[in-house]
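model-v3.cif (mmCIF, C-alpha atoms)
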data_model
loop_
_atom_site.label_atom_id
_atom_site.label_comp_id
_atom_site.auth_asym_id
_atom_site.auth_seq_id
_atom_site.Cartn_x
_atom_site.Cartn_y
_atom_site.Cartn_z
CA MET T 1 69.79 26.53 57.90
CA SER T 2 67.25 24.51 55.97
CA GLU T 3 64.70 25.98 53.65
CA LYS T 4 61.92 25.20 51.26
CA ARG T 5 63.06 25.55 47.67
CA MET T 6 60.76 24.65 44.80
CA VAL T 7 61.43 23.81 41.14
CA ALA T 8 57.94 25.06 40.21
CA GLU T 9 55.18 27.03 41.87
CA LYS T 10 52.80 24.12 41.62
CA ILE T 11 53.82 20.47 41.45
CA PRO T 12 50.97 17.99 40.86
CA GLY T 13 50.88 15.27 43.52
CA TYR T 14 53.53 16.90 45.68
CA THR T 15 52.00 16.37 49.12
CA TYR T 16 55.04 17.24 51.24
CA GLU T 17 54.03 18.75 54.59
CA THR T 18 50.35 17.95 54.02
CA ALA T 19 47.93 15.52 55.65
CA ASP T 20 47.72 13.70 52.29
CA ALA T 21 51.24 12.37 52.71
CA ALA T 22 51.66 8.93 54.25
CA ARG T 23 52.87 8.52 57.81
CA SER T 24 56.26 6.84 58.14
CA PRO T 25 56.21 3.52 60.00
CA ILE T 26 59.36 4.49 61.90
CA SER T 27 59.95 7.10 64.58
CA LEU T 28 62.28 10.08 64.61
CA LYS T 29 64.43 8.18 67.10
CA GLU T 30 64.75 5.32 64.64
CA LEU T 31 65.60 7.85 61.93
CA GLU T 32 68.40 9.18 64.12
CA GLU T 33 69.75 5.65 64.50
CA LEU T 34 69.51 5.13 60.76
CA LYS T 35 71.46 8.34 60.13
CA GLN T 36 74.18 6.97 62.38
CA SER T 37 74.11 3.65 60.51
CA ALA T 38 74.73 5.56 57.27
CA GLY T 39 77.40 7.74 58.87
CA PHE T 40 75.30 10.81 58.09
CA THR T 41 76.44 13.79 60.21
CA SER T 42 75.78 17.52 60.57
CA GLU T 43 78.82 18.09 58.35
CA ASP T 44 77.07 16.10 55.64
CA GLU T 45 74.04 18.35 56.10
CA ARG T 46 76.23 21.37 55.44
CA TYR T 47 77.78 19.83 52.35
CA LEU T 48 74.33 18.86 51.09
CA ARG T 49 73.26 22.52 51.30
CA ALA T 50 76.33 23.41 49.25
CA ALA T 51 75.49 20.62 46.82
CA GLY T 52 71.96 21.97 46.56
CA GLU T 53 73.24 25.41 45.58
CA VAL T 54 75.22 23.76 42.78
CA LEU T 55 72.41 21.46 41.63
CA ALA T 56 69.47 23.88 41.91
CA SER T 57 69.99 25.24 38.40
CA GLN T 58 70.67 21.75 37.01
CA THR T 59 67.70 19.71 38.18
CA LYS T 60 66.28 19.44 34.67
CA PRO T 61 69.42 18.14 32.89
CA LEU T 62 70.02 15.85 35.85
CA ILE T 63 66.71 14.06 35.57
CA GLU T 64 67.08 14.04 31.78
CA THR T 65 70.33 12.14 32.33
CA TRP T 66 68.65 9.64 34.64
CA ARG T 67 65.64 9.23 32.39
CA GLY T 68 67.93 8.83 29.40
CA THR T 69 69.40 5.78 31.10
CA ILE T 70 65.97 4.45 32.02
CA ALA T 71 64.65 4.95 28.47
CA LYS T 72 67.41 2.71 27.10
CA LEU T 73 66.51 -0.16 29.45
CA PRO T 74 63.15 -1.79 28.59
CA HIS T 75 62.87 -3.46 32.02
CA LEU T 76 62.96 0.00 33.61
CA ALA T 77 61.30 2.07 30.89
CA LYS T 78 58.11 0.01 31.08
CA HIS T 79 57.39 1.35 34.56
CA SER T 80 56.51 4.77 33.17
CA ARG T 81 54.70 3.51 30.08
CA ASP T 82 51.31 2.02 29.32
CA ALA T 83 50.56 -1.62 28.53
CA GLU T 84 51.43 -1.03 24.85
CA GLY T 85 54.79 0.43 25.79
CA LYS T 86 53.78 3.98 24.89
CA PRO T 87 54.94 6.92 27.02
CA ILE T 88 52.27 8.57 29.19
CA ALA T 89 52.74 12.32 28.83
CA ARG T 90 51.01 13.40 32.05
CA TYR T 91 52.78 10.77 34.12
CA SER T 92 56.11 11.78 32.68
CA GLU T 93 55.56 15.51 33.24
CA ASN T 94 54.22 15.26 36.77
CA SER T 95 56.69 12.70 38.04
CA GLY T 96 59.46 14.58 36.26
CA LEU T 97 58.70 17.71 38.27
CA ARG T 98 58.55 15.68 41.48
CA PHE T 99 61.84 14.00 40.57
CA GLN T 100 63.45 17.42 40.12
CA GLN T 101 61.97 18.57 43.41
CA TRP T 102 63.39 15.46 45.10
CA ILE T 103 66.88 16.78 44.34
CA LEU T 104 66.15 20.05 46.13
CA ASP T 105 64.44 18.30 49.05
CA THR T 106 67.42 15.98 49.43
CA CYS T 107 69.73 18.95 49.74
CA PHE T 108 67.70 21.66 51.48
CA ARG T 109 64.98 20.14 53.64
CA PRO T 110 65.48 19.33 57.30
CA TYR T 111 65.24 15.58 57.87
CA ASP T 112 62.28 15.90 60.24
CA GLN T 113 58.89 14.20 60.59
CA ASP T 114 57.55 15.80 57.37
CA TRP T 115 60.60 14.64 55.45
CA LEU T 116 60.33 11.16 56.98
CA ASN T 117 56.65 10.97 56.07
CA TYR T 118 57.22 12.09 52.50
CA GLN T 119 59.96 9.46 52.09
CA HIS T 120 57.30 6.88 52.86
CA GLU T 121 54.90 8.53 50.43
CA ILE T 122 57.56 8.40 47.70
CA ALA T 123 58.19 4.75 48.48
CA LEU T 124 54.52 3.75 48.46
CA ARG T 125 54.15 5.32 45.03
CA HIS T 126 56.65 2.77 43.74
CA THR T 127 54.79 -0.20 45.29
CA ALA T 128 51.62 -2.05 44.42
CA ALA T 129 49.87 -0.09 47.19
CA GLN T 130 49.90 3.22 45.33
CA LYS T 131 51.75 3.21 42.00
CA ASN T 132 49.90 5.09 39.21
CA GLN T 133 47.29 6.45 41.63
CA THR T 134 48.78 9.90 42.17
CA ASP T 135 48.60 10.74 38.49
CA GLY T 136 45.62 8.52 37.63
CA VAL T 137 47.50 6.54 35.00
CA GLU T 138 47.75 2.89 33.94
CA SER T 139 51.26 1.55 33.94
CA THR T 140 53.04 -1.39 35.62
CA PRO T 141 51.61 -2.24 39.06
CA PHE T 142 54.91 -1.66 40.91
CA ILE T 143 58.66 -1.20 40.58
CA PRO T 144 60.61 -4.06 42.20
CA LEU T 145 62.61 -2.85 45.20
CA ARG T 146 65.77 -4.42 43.78
CA GLU T 147 65.52 -2.15 40.73
CA VAL T 148 65.04 0.93 42.89
CA ILE T 149 68.13 0.04 44.96
CA ALA T 150 70.27 -0.80 41.92
CA PHE T 151 69.38 2.43 40.13
CA THR T 152 70.65 4.55 43.02
CA ALA T 153 74.14 3.57 41.80
CA VAL T 154 73.44 5.36 38.52
CA ILE T 155 72.05 8.39 40.34
CA ASN T 156 75.11 8.60 42.58
CA ASP T 157 77.60 8.04 39.81
CA THR T 158 76.13 10.53 37.37
CA VAL T 159 75.47 13.34 39.85
CA LYS T 160 79.17 13.82 40.45
CA PRO T 161 80.13 15.80 37.30
CA PHE T 162 77.11 18.05 37.94
CA LEU T 163 78.46 18.76 41.44
CA ALA T 164 81.72 19.90 39.85
CA ASN T 165 80.04 22.44 37.55
CA ASN T 166 80.29 25.43 39.89
CA GLY T 167 84.06 25.57 40.23
CA HIS T 168 84.37 24.06 43.70
CA SER T 169 87.66 22.43 44.67
CA ARG T 170 88.02 18.73 44.04
CA GLU T 171 88.04 18.22 47.80
CA ASP T 172 84.72 20.04 48.23
CA VAL T 173 83.14 18.15 45.35
CA GLU T 174 84.24 14.91 47.02
CA ARG T 175 82.63 15.94 50.28
CA MET T 176 79.42 17.07 48.63
CA HIS T 177 79.29 13.77 46.76
CA SER T 178 79.93 11.75 49.89
CA ALA T 179 77.09 13.58 51.68
CA TRP T 180 74.80 13.02 48.69
CA CYS T 181 75.56 9.26 48.60
CA LYS T 182 74.92 8.92 52.34
CA SER T 183 71.58 10.68 51.98
CA VAL T 184 70.57 8.45 49.07
CA ALA T 185 71.45 5.33 51.11
CA LEU T 186 69.45 6.73 54.01
CA GLN T 187 66.46 7.40 51.78
CA THR T 188 66.69 4.02 50.05
CA ALA T 189 66.70 2.41 53.49
CA LEU T 190 63.49 4.29 54.29
CA TRP T 191 61.91 3.38 50.95
CA SER T 192 62.47 -0.31 51.71
CA LEU T 193 59.94 0.00 54.55
CA ALA T 194 57.07 0.37 52.09
CA TYR T 195 57.99 -2.97 50.52
CA ALA T 196 57.80 -4.84 53.83
CA CYS T 197 55.31 -7.62 54.31
CA PRO T 198 51.68 -7.03 55.15
CA PRO T 199 50.31 -6.44 57.70
CA PHE T 200 53.19 -4.02 58.28
CA ALA T 201 52.95 -2.30 54.92
CA ALA T 202 49.20 -1.89 55.27
CA ASP T 203 49.41 -0.45 58.76
CA ARG T 204 51.61 2.57 58.23
CA SER T 205 51.98 3.33 61.89
CA SER T 206 53.20 -0.12 62.91
CA LYS T 207 56.78 -1.07 63.64
CA LEU T 208 58.63 -3.40 61.33
CA GLU T 209 60.63 -5.19 63.99
CA MET Z 1 90.08 -12.91 34.30
CA SER Z 2 88.26 -13.82 37.49
CA GLU Z 3 89.71 -16.06 40.11
CA LYS Z 4 89.13 -17.59 43.48
CA ARG Z 5 91.11 -15.78 46.16
CA MET Z 6 90.75 -16.71 49.81
CA VAL Z 7 91.58 -14.85 53.03
CA ALA Z 8 92.07 -18.17 54.84
CA GLU Z 9 92.40 -21.82 53.91
CA LYS Z 10 89.24 -22.73 55.78
CA ILE Z 11 86.37 -20.34 56.49
CA PRO Z 12 83.60 -21.75 58.72
CA GLY Z 13 80.19 -21.44 57.11
CA TYR Z 14 81.56 -20.31 53.77
CA THR Z 15 79.35 -22.35 51.43
CA TYR Z 16 80.18 -20.55 48.17
CA GLU Z 17 79.97 -22.90 45.17
CA THR Z 18 78.46 -25.70 47.27
CA ALA Z 19 75.02 -27.30 47.36
CA ASP Z 20 74.62 -25.90 50.90
CA ALA Z 21 74.26 -22.37 49.55
CA ALA Z 22 70.76 -21.05 48.92
CA ARG Z 23 69.40 -20.75 45.41
CA SER Z 24 68.74 -17.19 44.28
CA PRO Z 25 65.09 -16.43 43.50
CA ILE Z 26 66.11 -14.51 40.38
CA SER Z 27 67.58 -15.70 37.09
CA LEU Z 28 70.87 -14.82 35.43
CA LYS Z 29 68.84 -12.84 32.88
CA GLU Z 30 67.34 -10.78 35.69
CA LEU Z 31 70.83 -10.31 37.12
CA GLU Z 32 71.96 -8.93 33.76
CA GLU Z 33 69.08 -6.47 33.84
CA LEU Z 34 69.96 -5.50 37.39
CA LYS Z 35 73.58 -4.86 36.39
CA GLN Z 36 72.28 -2.52 33.71
CA SER Z 37 70.04 -0.79 36.26
CA ALA Z 38 73.12 -0.15 38.41
CA GLY Z 39 75.19 0.95 35.41
CA PHE Z 40 77.61 -1.90 36.09
CA THR Z 41 79.76 -2.62 33.00
CA SER Z 42 82.74 -4.75 31.96
CA GLU Z 43 84.93 -1.72 32.65
CA ASP Z 44 83.68 -1.78 36.23
CA GLU Z 45 84.66 -5.45 36.38
CA ARG Z 46 88.20 -4.54 35.35
CA TYR Z 47 88.43 -1.77 37.93
CA LEU Z 48 87.07 -4.12 40.59
CA ARG Z 49 89.93 -6.54 39.87
CA ALA Z 50 92.36 -3.64 40.30
CA ALA Z 51 90.56 -2.66 43.51
CA GLY Z 52 90.86 -6.24 44.71
CA GLU Z 53 94.63 -6.19 44.21
CA VAL Z 54 94.76 -3.07 46.38
CA LEU Z 55 92.38 -4.35 49.05
CA ALA Z 56 93.60 -7.96 49.27
CA SER Z 57 96.26 -7.13 51.86
CA GLN Z 58 93.89 -4.79 53.75
CA THR Z 59 90.81 -6.94 54.35
CA LYS Z 60 91.52 -7.18 58.09
CA PRO Z 61 91.93 -3.44 58.82
CA LEU Z 62 88.94 -2.76 56.57
CA ILE Z 63 86.54 -4.92 58.52
CA GLU Z 64 88.06 -3.60 61.76
CA THR Z 65 87.09 -0.13 60.53
CA TRP Z 66 83.53 -1.23 59.76
CA ARG Z 67 83.18 -3.16 63.00
CA GLY Z 68 84.59 -0.20 64.90
CA THR Z 69 81.67 1.87 63.62
CA ILE Z 70 79.19 -0.89 64.45
CA ALA Z 71 80.60 -1.33 67.97
CA LYS Z 72 79.91 2.34 68.73
CA LEU Z 73 76.24 2.05 67.73
CA PRO Z 74 74.19 -0.04 70.19
CA HIS Z 75 71.34 -0.52 67.70
CA LEU Z 76 73.82 -2.22 65.33
CA ALA Z 77 76.21 -3.79 67.85
CA LYS Z 78 73.41 -5.83 69.39
CA HIS Z 79 73.08 -7.92 66.24
CA SER Z 80 76.40 -9.67 66.90
CA ARG Z 81 75.93 -9.98 70.68
CA ASP Z 82 73.96 -12.19 73.01
CA ALA Z 83 70.83 -11.23 74.94
CA GLU Z 84 72.97 -9.74 77.73
CA GLY Z 85 74.86 -7.58 75.27
CA LYS Z 86 78.04 -9.63 75.52
CA PRO Z 87 80.16 -10.31 72.42
CA ILE Z 88 80.05 -13.89 71.07
CA ALA Z 89 83.63 -14.84 70.24
CA ARG Z 90 82.89 -17.63 67.74
CA TYR Z 91 80.28 -15.57 65.91
CA SER Z 92 82.66 -12.65 65.68
CA GLU Z 93 85.60 -14.75 64.42
CA ASN Z 94 83.67 -16.76 61.85
CA SER Z 95 81.61 -13.90 60.46
CA GLY Z 96 84.72 -11.71 60.49
CA LEU Z 97 86.51 -14.14 58.19
CA ARG Z 98 83.48 -14.31 55.93
CA PHE Z 99 83.24 -10.50 55.93
CA GLN Z 100 86.89 -10.30 54.83
CA GLN Z 101 86.26 -12.91 52.16
CA TRP Z 102 83.28 -10.88 50.94
CA ILE Z 103 85.70 -8.11 49.95
CA LEU Z 104 87.71 -10.52 47.78
CA ASP Z 105 84.60 -12.09 46.29
CA THR Z 106 83.22 -8.65 45.43
CA CYS Z 107 86.38 -7.86 43.51
CA PHE Z 108 87.56 -11.16 42.04
CA ARG Z 109 84.63 -13.53 41.53
CA PRO Z 110 82.68 -13.72 38.28
CA TYR Z 111 79.09 -12.62 38.86
CA ASP Z 112 77.65 -15.97 37.78
CA GLN Z 113 75.06 -18.39 39.20
CA ASP Z 114 77.29 -19.36 42.14
CA TRP Z 115 77.85 -15.72 43.01
CA LEU Z 116 74.14 -14.99 42.64
CA ASN Z 117 73.27 -17.92 44.89
CA TYR Z 118 75.77 -16.93 47.56
CA GLN Z 119 74.37 -13.37 47.57
CA HIS Z 120 71.05 -14.91 48.55
CA GLU Z 121 72.75 -17.05 51.19
CA ILE Z 122 74.42 -13.94 52.66
CA ALA Z 123 71.08 -12.16 52.68
CA LEU Z 124 69.17 -15.01 54.33
CA ARG Z 125 71.75 -15.06 57.12
CA HIS Z 126 70.68 -11.51 57.98
CA THR Z 127 66.97 -12.39 58.06
CA ALA Z 128 64.76 -14.26 60.52
CA ALA Z 129 64.96 -17.27 58.19
CA GLN Z 130 68.59 -18.06 58.99
CA LYS Z 131 70.36 -15.55 61.26
CA ASN Z 132 72.56 -17.20 63.94
CA GLN Z 133 72.11 -20.67 62.43
CA THR Z 134 75.37 -20.86 60.48
CA ASP Z 135 77.44 -20.38 63.62
CA GLY Z 136 74.98 -21.93 66.08
CA VAL Z 137 74.74 -18.79 68.22
CA GLU Z 138 71.99 -16.88 70.01
CA SER Z 139 71.77 -13.25 69.04
CA THR Z 140 69.04 -10.96 67.65
CA PRO Z 141 66.61 -12.80 65.34
CA PHE Z 142 67.35 -10.59 62.30
CA ILE Z 143 68.94 -7.36 61.08
CA PRO Z 144 66.35 -4.96 59.63
CA LEU Z 145 66.85 -4.44 55.89
CA ARG Z 146 66.87 -0.66 56.37
CA GLU Z 147 69.96 -0.96 58.60
CA VAL Z 148 71.73 -3.15 56.05
CA ILE Z 149 71.04 -0.63 53.29
CA ALA Z 150 72.03 2.39 55.40
CA PHE Z 151 75.31 0.81 56.48
CA THR Z 152 76.45 0.35 52.87
CA ALA Z 153 77.03 4.12 52.91
CA VAL Z 154 79.65 3.66 55.63
CA ILE Z 155 81.25 0.77 53.73
CA ASN Z 156 81.44 2.79 50.53
CA ASP Z 157 82.69 5.95 52.21
CA THR Z 158 85.41 4.31 54.29
CA VAL Z 159 86.75 1.99 51.60
CA LYS Z 160 87.99 4.92 49.55
CA PRO Z 161 91.19 5.80 51.47
CA PHE Z 162 92.08 2.09 51.46
CA LEU Z 163 91.78 2.10 47.65
CA ALA Z 164 94.31 4.95 47.54
CA ASN Z 165 96.94 3.05 49.55
CA ASN Z 166 98.77 1.50 46.60
CA GLY Z 167 99.82 4.68 44.84
CA HIS Z 168 97.25 4.65 42.02
CA SER Z 169 96.38 7.95 40.34
CA ARG Z 170 93.44 9.87 41.72
CA GLU Z 171 91.58 9.11 38.50
CA ASP Z 172 92.10 5.36 38.91
CA VAL Z 173 91.07 5.46 42.57
CA GLU Z 174 87.90 7.27 41.49
CA ARG Z 175 87.12 4.59 38.93
CA MET Z 176 87.85 1.75 41.34
CA HIS Z 177 85.60 3.41 43.90
CA SER Z 178 82.80 3.94 41.39
CA ALA Z 179 82.96 0.25 40.40
CA TRP Z 180 82.94 -0.77 44.07
CA CYS Z 181 79.88 1.38 44.83
CA LYS Z 182 77.99 -0.01 41.85
CA SER Z 183 78.74 -3.56 42.98
CA VAL Z 184 77.59 -2.82 46.52
CA ALA Z 185 74.32 -1.35 45.19
CA LEU Z 186 73.88 -4.42 43.00
CA GLN Z 187 74.50 -6.74 45.93
CA THR Z 188 72.23 -4.76 48.26
CA ALA Z 189 69.51 -5.03 45.62
CA LEU Z 190 69.97 -8.80 45.63
CA TRP Z 191 69.97 -8.98 49.42
CA SER Z 192 66.59 -7.23 49.50
CA LEU Z 193 65.07 -10.33 47.85
CA ALA Z 194 65.53 -12.37 51.03
CA TYR Z 195 63.44 -9.84 52.93
CA ALA Z 196 60.49 -10.13 50.55
CA CYS Z 197 57.16 -11.38 51.80
CA PRO Z 198 56.36 -15.04 52.24
CA PRO Z 199 55.55 -17.13 50.33
CA PHE Z 200 58.29 -15.70 48.11
CA ALA Z 201 60.98 -15.69 50.77
CA ALA Z 202 60.16 -19.25 51.82
CA ASP Z 203 60.21 -20.61 48.29
CA ARG Z 204 63.69 -19.73 47.14
CA SER Z 205 63.06 -20.65 43.55
CA SER Z 206 59.99 -18.51 43.07
CA LYS Z 207 59.88 -15.18 41.31
CA LEU Z 208 59.17 -12.03 43.23
CA GLU Z 209 57.15 -10.28 40.59
#

Could you rewrite the structure in this file as structure tokens?
Amino acid sequence: MSEKRMVAEKIPGYTYETADAARSPISLKELEELKQSAGFTSEDERYLRAAGEVLASQTKPLIETWRGTIAKLPHLAKHSRDAEGKPIARYSENSGLRFQQWILDTCFRPYDQDWLNYQHEIALRHTAAQKNQTDGVESTPFIPLREVIAFTAVINDTVKPFLANNGHSREDVERMHSAWCKSVALQTALWSLAYACPPFAADRSSKLE
Amino acid sequence: MSEKRMVAEKIPGYTYETADAARSPISLKELEELKQSAGFTSEDERYLRAAGEVLASQTKPLIETWRGTIAKLPHLAKHSRDAEGKPIARYSENSGLRFQQWILDTCFRPYDQDWLNYQHEIALRHTAAQKNQTDGVESTPFIPLREVIAFTAVINDTVKPFLANNGHSREDVERMHSAWCKSVALQTALWSLAYACPPFAADRSSKLE
């Protein structure tokens, strides 16, 4: 059912399914438990595929919406800018493509070991361990976890009208949106692992409990 | 506009607005920024009050719904049980009342310093720093942050039909639900602070950045 769909032929820094991606500190069994904790089911997987078909042609306006919000908030905007507050073109372009691709991966990829690993890679790139490194830029040293979690509310709220753009019934849009929100909660839960205390964060293969 | 509404005259361990509650490590200015990050506005506050009027008579069935989900998942159920896996009556009763009260506080309380502080108190009670202490029980030492974050998806998904139980228009239910989800993201963001690395977590007044 799942497939690899790309927003561009080549995406700088996109290490999904490669040995360059981090290794998640949790197991597939723990991922299964986490899916249950979020109420994420095989029906949600189906509705996410449907959501992906709707969003695939809208990944660019979607991230423009999200970045529009970020640009208006100095405490968020600074995380993609340099010390003088100037935008960094390469950072913006590369991470923009990866942000678009994240939408497709959320909807189309199987939530397997590669997906789990790349979640951890995404997370590390927001922490002091790896921020700026992928694109070789100089910006803030990390994005506080609280800001990452809070911003998911904007992502979830604003994705909804985009889900309605292909003429699906209100009921189907609701179900696609519910599946999307569960997936984002699941992913945010996984991202929190990268913010855990050393030595856990440093040892990617260790357990956090 | 905001008011103090209680699910019971006396709630054991409910230290809201008292000196016994923890002090949040972030400032009111940082809370304002976080509200912006979550897209939480004064309109959301109004819709949360409306949601509170709908949910006030349903706090018991709501937490029964959430606890029903938890009871079916051993990796979550264990956090309210003893080492032999047996339920702990006092823990269940006291935290159940506080869980019900959390619904009212989410909807009716002003998000001020007292609210901010009690968010941190709630969070600490899920961490190794304070779990079990409020009720003097012996259960698991802490609930992993990832499980807390993931479970908010269940809370958000299942609250929706309850919001529709007072005959509001579909549009109003949508707006109440959107406000609820933003508040839960905001609160989850605040809870993550208690899981931050020592020395930050130990020194409640310190900044995390």

On this structure, the PyMOL selection byres ((chain T) within 7 of (chain Z)) would catch which residues? List them as an mmCIF file with C-alpha atoms, in the coordinates of the input, sorted by chain and number.
data_model
loop_
_atom_site.group_PDB
_atom_site.id
_atom_site.type_symbol
_atom_site.label_atom_id
_atom_site.label_comp_id
_atom_site.auth_asym_id
_atom_site.auth_seq_id
_atom_site.Cartn_x
_atom_site.Cartn_y
_atom_site.Cartn_z
ATOM 1 C CA LEU T 34 69.510 5.130 60.760
ATOM 2 C CA SER T 37 74.110 3.650 60.510
ATOM 3 C CA ALA T 38 74.730 5.560 57.270
ATOM 4 C CA GLY T 39 77.400 7.740 58.870
ATOM 5 C CA ARG T 146 65.770 -4.420 43.780
ATOM 6 C CA GLU T 147 65.520 -2.150 40.730
ATOM 7 C CA ILE T 149 68.130 0.040 44.960
ATOM 8 C CA ALA T 150 70.270 -0.800 41.920
ATOM 9 C CA PHE T 151 69.380 2.430 40.130
ATOM 10 C CA ALA T 153 74.140 3.570 41.800
ATOM 11 C CA VAL T 154 73.440 5.360 38.520
ATOM 12 C CA ASP T 157 77.600 8.040 39.810
ATOM 13 C CA SER T 178 79.930 11.750 49.890
ATOM 14 C CA CYS T 181 75.560 9.260 48.600
ATOM 15 C CA LYS T 182 74.920 8.920 52.340
ATOM 16 C CA ALA T 185 71.450 5.330 51.110
ATOM 17 C CA LEU T 186 69.450 6.730 54.010
ATOM 18 C CA ALA T 189 66.700 2.410 53.490
ATOM 19 C CA LEU T 190 63.490 4.290 54.290
ATOM 20 C CA SER T 192 62.470 -0.310 51.710
ATOM 21 C CA ALA T 196 57.800 -4.840 53.830
ATOM 22 C CA CYS T 197 55.310 -7.620 54.310
#

Between CA of Tyr14 in chain Z and CA of Ser42 in chain Z - distance in Å to one decimal: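 That distance, rounded to one decimal, is 26.8 Å.
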
Take the PyMOL selection byres ((chain T and resi 63) around 10), run it mentally on this structure, and tell me the resulting residues as a CSV table (one decimal) with C-alpha atoms, in the coordinates of the input.
chain,number,residue,atom,x,y,z
T,58,GLN,CA,70.7,21.8,37.0
T,59,THR,CA,67.7,19.7,38.2
T,60,LYS,CA,66.3,19.4,34.7
T,61,PRO,CA,69.4,18.1,32.9
T,62,LEU,CA,70.0,15.8,35.8
T,64,GLU,CA,67.1,14.0,31.8
T,65,THR,CA,70.3,12.1,32.3
T,66,TRP,CA,68.6,9.6,34.6
T,67,ARG,CA,65.6,9.2,32.4
T,68,GLY,CA,67.9,8.8,29.4
T,69,THR,CA,69.4,5.8,31.1
T,96,GLY,CA,59.5,14.6,36.3
T,97,LEU,CA,58.7,17.7,38.3
T,99,PHE,CA,61.8,14.0,40.6
T,100,GLN,CA,63.4,17.4,40.1
T,103,ILE,CA,66.9,16.8,44.3
T,155,ILE,CA,72.0,8.4,40.3
T,159,VAL,CA,75.5,13.3,39.8

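Between CA of Ser169 in chain Z and CA of Glu45 in chain Z the interatomic distance comes to 18.2 Å.
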
Residue nearest Ala8 in chain T - candidates T:Lys86, T:Arg49, T:Arg125, T:Arg98, atoms counted: all atoms listed in the file: T:Arg98

Run the PyMOL selection byres ((chain Z and resi 124) around 10) on the file and write out the hits as a CSV table (one decimal) with C-alpha atoms, in the frame of the given file.
chain,number,residue,atom,x,y,z
Z,22,ALA,CA,70.8,-21.0,48.9
Z,118,TYR,CA,75.8,-16.9,47.6
Z,119,GLN,CA,74.4,-13.4,47.6
Z,120,HIS,CA,71.0,-14.9,48.6
Z,121,GLU,CA,72.8,-17.0,51.2
Z,122,ILE,CA,74.4,-13.9,52.7
Z,123,ALA,CA,71.1,-12.2,52.7
Z,125,ARG,CA,71.8,-15.1,57.1
Z,126,HIS,CA,70.7,-11.5,58.0
Z,127,THR,CA,67.0,-12.4,58.1
Z,128,ALA,CA,64.8,-14.3,60.5
Z,129,ALA,CA,65.0,-17.3,58.2
Z,130,GLN,CA,68.6,-18.1,59.0
Z,131,LYS,CA,70.4,-15.6,61.3
Z,142,PHE,CA,67.4,-10.6,62.3
Z,191,TRP,CA,70.0,-9.0,49.4
Z,192,SER,CA,66.6,-7.2,49.5
Z,193,LEU,CA,65.1,-10.3,47.8
Z,194,ALA,CA,65.5,-12.4,51.0
Z,195,TYR,CA,63.4,-9.8,52.9
Z,201,ALA,CA,61.0,-15.7,50.8

Who sits within 9 Å of Arg81 in chain T, only C-alpha atoms, same chain under 4 positions skipped, as a ChimeraX atom specification: /T:77,85-88,91-92,138-140

Between CA of Leu163 in chain Z and CA of Ala51 in chain Z - distance in Å to one decimal: 6.4 Å

Give, as lines of an AutoDock Vina configuration file, the centre coordinates and the x, y and z edge lengths in Å to one decimal for an axis-aligned box around all listed atoms of range 29-38 of chain T, padded by 6 Å on each side.
center_x = 69.6
center_y = 6.4
center_z = 62.2
size_x = 22.3
size_y = 17.5
size_z = 21.8

Residue among T:Val54, T:Met176, T:Met6, T:Leu48 lying closest to Tyr111 in chain T, counting all atoms listed in the file: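 Closest candidate: T:Leu48.
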
Who sits within 9 Å of Arg5 in chain T, all atoms listed in the file, same chain under 3 positions skipped, as number ranges by chain: T: 56, 101, 104-105, 108-109
